[in-house]
Each structure stands twice: as structure tokens, then as C-alpha cells.
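Below: the structure, in C-alpha cells.
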Amino acid sequence: MTLATVLDAIDTDLDAALGRLCDLLAIPSISTDPANAGDCVRAANWLVDDLSALGFKAEVRETPGHPMVVAHGGDGDGPHVLFYGHYDVQPVDPLDLWNRPPFEPALEDTPKGRVIRARGASDDKGQLMTFIEACRAWKAVHGTLPGKITIFFEGEEESGSPSLVPFLQDNADELKADIALICDTGLFADRVPGIVTQLRGLVGEQITITGPNKDLHSGMFGGIAMNPARVLTRLLAGLHDDNGRVTLPGFYDGVPPLPDDLRAQWAALNFDADAFLNEVGLSAPAGETGKTPLEMIWSEPTCEINGMWSGYTGAGFKTVLPSQAHAKVSFRLVGQQNPEAIRDAFRAYVTRNLPEDCTAEFHEHGASPASQMATDHPAFEQARTALSDEWPDTAAFVGSGGSIPVAGYFKSILDMDSMLIGFAKDDDALHSPNEKYDVESFHKGTRSWARILNALNG
């Protein structure tokens with residue numbers, strides 16, 4: 001019995017696999033809403049039952065929040081893999097923008113092809129089920145699971161993962177494997193399969209500048225009183241120079257050069273930066289001078305202003321000189337940049353440049369380092385070849401502009417690299433109304449995992 005037999009089984013069982021996915025999607029496992037706590041438990045139990053039917057030893061593990069699902073199964077001489085996904089989903093608000101009830105999943109024909117429409121279809125239930133369905137087909141054909149596999153499903157990813165780190169620390173010996181597989185990413189340009197090998201870290205800061213002890217009449221105090229809104233905008237503008245480079249001292253410490261092999265792979269992707277920006281009403285890259293568009297969003301650190309407010313912002317006009325001005329600033333990190341050092345540098349910059357009569361207050365909003373995978377591990381090239389065999393375009397090692405903290409925790413706590421492989425598309429409406437997952441992504445994603453597991457255990 002060959003890989004082709006497993007792929008045939010996946011093709012034959014597609015309708016039944018879609019039915020199982022719809023059963024899982026019908027469970028409203030919203031982790032942020034206490035009213036759905038029971039639904040999160042129900043989703044975890046559904047997965048345990050399904051994994052148990054495939055021969056895994058599967059359990060629901062309690063946490064102070066929503067439960068984890070842990071399962072072990074299979075054997076063999078290939079690498080022991082840990083597969084991670086999350087069964088919790090985002091809230092559905094605003095409900096009136098959905099074209100159908102978000103937890104009544106359905107298959108729909110669209111101009112771009114057939115899709116599965118429901119909350120969680122792409123993020124992340126559809127993705128995690130591609131792996132389970134690959135294991136199901138393998139078991140049906142071979143009578144065994146494809147190698148030694150540990151499954152780890154989380155129920156709090158969409159609510160900040162408060163239980164994740166303690167759980168990993170308490171269960172490190174049990175969860176450690178040779179390599180982790182994470183299915184929570186997407187195709188590049190909706191067509192090229194990618195293995196994400198670097199993720200940016202994140203630092204979030206909220207700043208409040210206070211000047212006078214109350215709002216002032218701008219006719220009486222304008223010109224003589226310090227305006228914190230003016231102070232704040234000057235500070236924020238000073239975070240970048242005229243070439244788009246961040247000005248904080250030491251900000252680029254730990255930023256590595258882009259390896260030549262990755263540079264060549266990224267160039268071969270023929271990324272259309274104009275089209276990418278045109279879709280959001282823009283036309284020109286605004287990052288650091290001399291960097292390619294993909295470098296700007298994958299391998300270079302950033303400093304961005306996410307929100308600003310001060311004074312009167314209601315209807316009409318009020319000639320007020322505000323007492324306070326506020327901003328939210330985030331930093332995306334790469335390589336070995338130290339999140340706490342970046343936070344300290346930002347606060348020192350603000351404090352150093354405050355004028356007389358103004359004070360600054362800071363509130364932190366998380367800090368996580370970047371993750372960079374060791375692509376010299378043989379599993380990476382084996383997986384890239386397997387993906388290339390399934391999809392029309394050759395697979396590539398790619399970066400991600402976002403942050404997926406679990407990959408960093410797998411490295412720092414379990415000393416294990418991760419391969420992030422996913423099949424979502426840019427128009428899947430993640431976290432938005434009318435979320436969907438292409439049937440092609442689900443089908444070829446399942447076939448892809450079968451090929452990857454075959455390659456790893458070949």
C-alpha cells in the first residue's frame with residue numbers, strides 16, 4: 001500500500017470529512033465569553049472522542065481556564081511530531097453583518113469556488129481538521145497511525161492563552177517531541193504553499209502625557225500653557241527618521257541579515273507590492289528605504305502607532321486645550337531583539353524628551369520575542385518537497401509579519417522548533433463576519449499532511 005492509496009482514500013472520503021468539520025463548527029466555542037465556557041468543554045470533548053476513534057489515547061486536561069486536549073498515538077522510526085491547533089474561535093459580533101448564522105455551517109458555491117462558511121472555518125477548526133483527516137485516511141489504509149504523534153489542542157488562543165505557558169511548563173516532558181507542526185497560517189498569495197520559518201515578536205505600550213491639571217480654554221491659555229497633544233505628536237513623529245528607520249538607541253541590536261538562500265526564495269515569489277497596497281487604497285511602500293517589500297513585512301522590525309486620542313473628539317467643535325494625550329504604540333521584533341530592552345528604550349526616549357510641566361505614564365500590553373526556525377533540520381526540506389508535490393506552485397520558506405507566540409514557547413519551554421504550515425487564504429475573513437475556508441484548502445491541506453507525514457516517516 002502506497003501514499004497514492006492514502007490520497008485516494010482522502011479523495012473518496014471528502015464529503016464525510018466535510019460533514020465532520022461542520023459538526024465541530026456548529027459548536028460555538030468562543031473562549032472570550034464566559035457564557036460559552038460549556039461550549040468550549042463540548043468542543044474539547046468532541047475532539048477527544050474523534051481522536052480516540054482513530055486509536056489515539058486522548059484526554060481533556062483541565063486548566064484554570066478552558067481545557068486542553070492532549071492525545072498520543074502511533075510509533076515508528078521517524079521523528080516524533082507534536083501537532084498544535086486551537087479549537088476556540090473569535091466572537092461573532094457584529095452579528096447583523098453575517099449572511100447566515102455563524103454556527104450553522106454550510107457549503108456555498110462562490111465565484112472563486114466552493115467554501116465552508118462558519119465562524120472558525122479557517123481559524124482554526126478547518127485547519128486542525130486537515131491533520132486529523134490525514135491521520136484518519138492513513139489509519140483506514142494502513143491500520144496504523146503515520147508515525148509517532150502527539151496532538152495538542154488549545155482552547156484559549158483567541159483570548160490571550162493565559163493557561164498555555166503554565167501548562168507547557170507543567171507538562172514539558174510529556175509534550176516534548178522532535179519537531180512541532182502548527183496549522184494556523186496560510187498560502188502565500190492564495191496559491192503558493194509556504195512553511196513559515198520566522199515570526200515577528202511583539203511589544204505593546206500605551207502612553208499618557210499629562211500637562212495641566214484640567215482641560216483649559218484655548219483662548220485664555222493657548223500659547224502660554226503646554227499642550228500635551230502637541231508634546232505627544234512630536235514624540236511619536238520622532239520615532240522614525242526621514243528614511244523610515246526607527247530612531248530608538250539600540251533598537252536594531254539583534255536584527256540578523258537576511259540569508260542569501262531565503263532572499264532568493266522570496267525573490268522567486270514575485271510578490272506584487274503594488275497590488276498588495278492597491279487593495280487597501282495605497283500605492284507606495286512606506287517602510288525603510290532600501291528594503292524590499294517582503295523584507296519590510298517579514299524580516300525587518302517595525303514601530304507603529306496603533307491609536308491616538310486627546311481633547312474633544314465629539315460632534316461639532318470645542319476650543320479646548322487638553323489635560324492629557326494618549327497613544328498606543330506597538331513594536332514588531334525580529335531575530336534576537338530583546339522585548340524588554342525595546343520597552344525600556346521607548347520609555348527612556350519619552351522620559352528624556354518630556355518638556356517641563358509634563359509627565360508620562362506607561363501601561364504595558366504584552367511582550368514576546370521573535371521566533372526563527374532552524375531550517376537545517378531535515379524535516380523542513382522534506383516538508384517543502386512534499387508540499388511542492390501537492391500544489392501547482394513550488395513551496396517556499398516564508399516569513400510572517402504577525403506573531404504566533406506558541407511557536408516561541410515551544411522553543412523556549414520545550415526546546416523544539418516548529419514548522420508552521422497552513423492553507424488559509426487572504427479573503428477567508430478571519431475574525432470577521434462571514435468567515436470561510438475553501439474546500440480546496442481543506443481537501444488539498446489534508447492531502448498535504450498525508451504527503452508530509454509520509455515523507456517524515458519514509
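Simple scheme: letters A, B, ... for chains in C-alpha cells order, numbers from 1 for residues in each chain, numbers from 1 for ligands in the order shown.
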Taking only residues of range 359-419 of chain A that have an atom at most 12 Å from an atom of range 440-447 of chain A, what is each one's shortest atom pair and its distance in Å to one decimal, using only C-alpha atoms, in chain and number order, as JSON lines?
```
{"residue": "A:Ala386", "atom": "CA", "partner": "A:Arg447", "partner_atom": "CA", "distance": 9.8}
{"residue": "A:Leu387", "atom": "CA", "partner": "A:Arg447", "partner_atom": "CA", "distance": 9.1}
{"residue": "A:Ser388", "atom": "CA", "partner": "A:Lys444", "partner_atom": "CA", "distance": 11.6}
{"residue": "A:Asp389", "atom": "CA", "partner": "A:Arg447", "partner_atom": "CA", "distance": 10.2}
{"residue": "A:Glu390", "atom": "CA", "partner": "A:Lys444", "partner_atom": "CA", "distance": 7.2}
{"residue": "A:Trp391", "atom": "CA", "partner": "A:Lys444", "partner_atom": "CA", "distance": 7.8}
{"residue": "A:Pro392", "atom": "CA", "partner": "A:Lys444", "partner_atom": "CA", "distance": 11.0}
```
Selection export as a short mmCIF file (atom, residue, chain, number, x, y, z; two decimals), in the first residue's frame, atoms kept: C-alpha atoms:
```
data_model
loop_
_atom_site.label_atom_id
_atom_site.label_comp_id
_atom_site.auth_asym_id
_atom_site.auth_seq_id
_atom_site.Cartn_x
_atom_site.Cartn_y
_atom_site.Cartn_z
CA ALA A 386 6.05 17.13 -0.12
CA LEU A 387 4.04 20.36 -0.36
CA SER A 388 5.52 21.09 -3.79
CA ASP A 389 4.31 17.68 -4.98
CA GLU A 390 0.71 18.51 -3.98
CA TRP A 391 0.33 22.11 -5.14
CA PRO A 392 0.88 23.64 -8.60
#
```
May I have the residues within 12 Å of Gly422 in chain A as a count of residues only, using only C-alpha atoms and disregarding those fewer than 4 positions away in the same chain?
39
Which one of A:Met296, A:Phe276, A:Thr351, A:Leu21 sits closest to Glu133 in chain A if you count only C-alpha atoms?
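Of all the options, A:Leu21 lies closest to Glu133 in chain A.
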Could you give me the residues within range 175-265 of chain A that DSSP places in alpha helix (DSSP H), as number ranges by chain?
A: 175, 218-221, 228-237, 260-265
With a distance cut-off of 8 Å and only C-alpha atoms, select the neighbouring residues of range 329-346 of chain A, excluding the residue or stretch itself and same-chain residues fewer than 6 positions from it, and output the selection as a PyMOL selection string.
chain A and resi 199-207+248-256+299-307+367-372+401-402
My list of candidates is A:Ser432, A:Ile116, A:Gln90, A:Ala35. Which is closest to Asp15 in chain A when distances are computed with only C-alpha atoms?
A:Ile116
Pick out each residue of range 36-71 of chain A that DSSP on the backbone tags as strand (DSSP E); I need them as a ChimeraX atom specification.
/A:57-61,68-71
Given the selection you just returned, output its residues as a file containing C-alpha atoms, formatted as a CSV table (one decimal), in the first residue's frame.
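Wrote out.csv, looks like this:
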```
chain,number,residue,atom,x,y,z
A,57,LYS,CA,-5.0,7.9,23.7
A,58,ALA,CA,-6.8,11.2,24.1
A,59,GLU,CA,-7.8,13.2,27.1
A,60,VAL,CA,-9.3,16.5,28.2
A,61,ARG,CA,-6.9,18.3,30.5
A,68,MET,CA,-6.6,21.5,26.7
A,69,VAL,CA,-6.8,18.4,24.5
A,70,VAL,CA,-3.8,16.1,24.6
A,71,ALA,CA,-3.5,12.8,22.6
```
Do you know which residues are at most 12 Å from Ala118 in chain A counting only C-alpha atoms, after dropping those on the same chain fewer than 5 positions away, and could you put them as a CSV table (one decimal) with C-alpha atoms, in the first residue's frame?
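around-v1.csv, written as the output of this step:
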```
chain,number,residue,atom,x,y,z
A,21,LEU,CA,-15.9,19.5,10.1
A,22,CYS,CA,-19.4,21.0,10.1
A,23,ASP,CA,-20.2,19.1,13.3
A,24,LEU,CA,-17.3,20.7,15.0
A,25,LEU,CA,-18.0,24.2,13.5
A,26,ALA,CA,-21.6,24.0,14.9
A,27,ILE,CA,-20.2,24.2,18.5
A,28,PRO,CA,-19.9,27.9,19.5
A,89,VAL,CA,-13.0,30.8,18.0
A,90,GLN,CA,-13.5,34.6,17.9
A,91,PRO,CA,-16.7,36.3,18.9
A,92,VAL,CA,-19.2,36.8,16.0
A,98,TRP,CA,-23.4,37.8,8.7
A,99,ASN,CA,-25.2,36.4,5.8
A,100,ARG,CA,-26.2,33.3,7.7
A,101,PRO,CA,-26.0,32.2,11.4
A,102,PRO,CA,-22.3,31.8,12.2
A,103,PHE,CA,-22.7,28.5,13.9
A,104,GLU,CA,-24.9,26.9,11.3
A,105,PRO,CA,-22.1,25.8,8.9
A,106,ALA,CA,-22.9,25.4,5.3
A,107,LEU,CA,-21.1,24.7,2.0
A,108,GLU,CA,-21.5,27.5,-0.5
A,123,ASP,CA,-9.3,29.9,12.2
A,124,ASP,CA,-8.6,27.3,13.3
A,125,LYS,CA,-11.1,24.3,13.1
A,126,GLY,CA,-10.8,23.7,9.4
A,428,ASP,CA,-11.0,34.0,4.5
A,429,ALA,CA,-12.3,36.9,6.7
A,430,LEU,CA,-10.6,35.7,9.8
A,431,HIS,CA,-12.1,37.3,12.9
A,432,SER,CA,-14.7,39.0,10.7
A,433,PRO,CA,-18.3,38.3,9.7
A,434,ASN,CA,-18.8,35.6,7.0
A,435,GLU,CA,-15.6,33.7,7.7
A,436,LYS,CA,-15.0,30.9,5.3
A,437,TYR,CA,-12.5,28.2,4.3
A,438,ASP,CA,-12.1,27.0,0.8
```
Sorted by chain and rising residue number, which residues of range 314-427 of chain A lie within 10 Å of range 139-163 of chain A, and what are their closest atom pairs and distances in Å to one decimal, counting only C-alpha atoms, as a Markdown table?
```
| residue | atom | partner | partner_atom | distance |
| --- | --- | --- | --- | --- |
| A:Gly366 | CA | A:Gly160 | CA | 9.8 |
| A:Ile404 | CA | A:Glu157 | CA | 9.6 |
| A:Pro405 | CA | A:Ser161 | CA | 9.2 |
| A:Val406 | CA | A:Ser161 | CA | 8.9 |
```
Resulting file, chosen residues, C-alpha atoms, as a tab-separated table (two decimals), in the first residue's frame:
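Saved result, out-v9.tsv, follows:
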```
chain	number	residue	atom	x	y	z
A	366	GLY	CA	2.42	42.19	26.38
A	404	ILE	CA	2.23	33.38	16.84
A	405	PRO	CA	3.58	33.17	20.40
A	406	VAL	CA	3.08	29.41	20.78
```
So which one's closest to Leu258 in chain A, A:Leu294, A:Ala325, A:Leu354, A:Ala360? Using only C-alpha atoms, please.
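Result for the nearest residue to Leu258 in chain A: A:Leu294.
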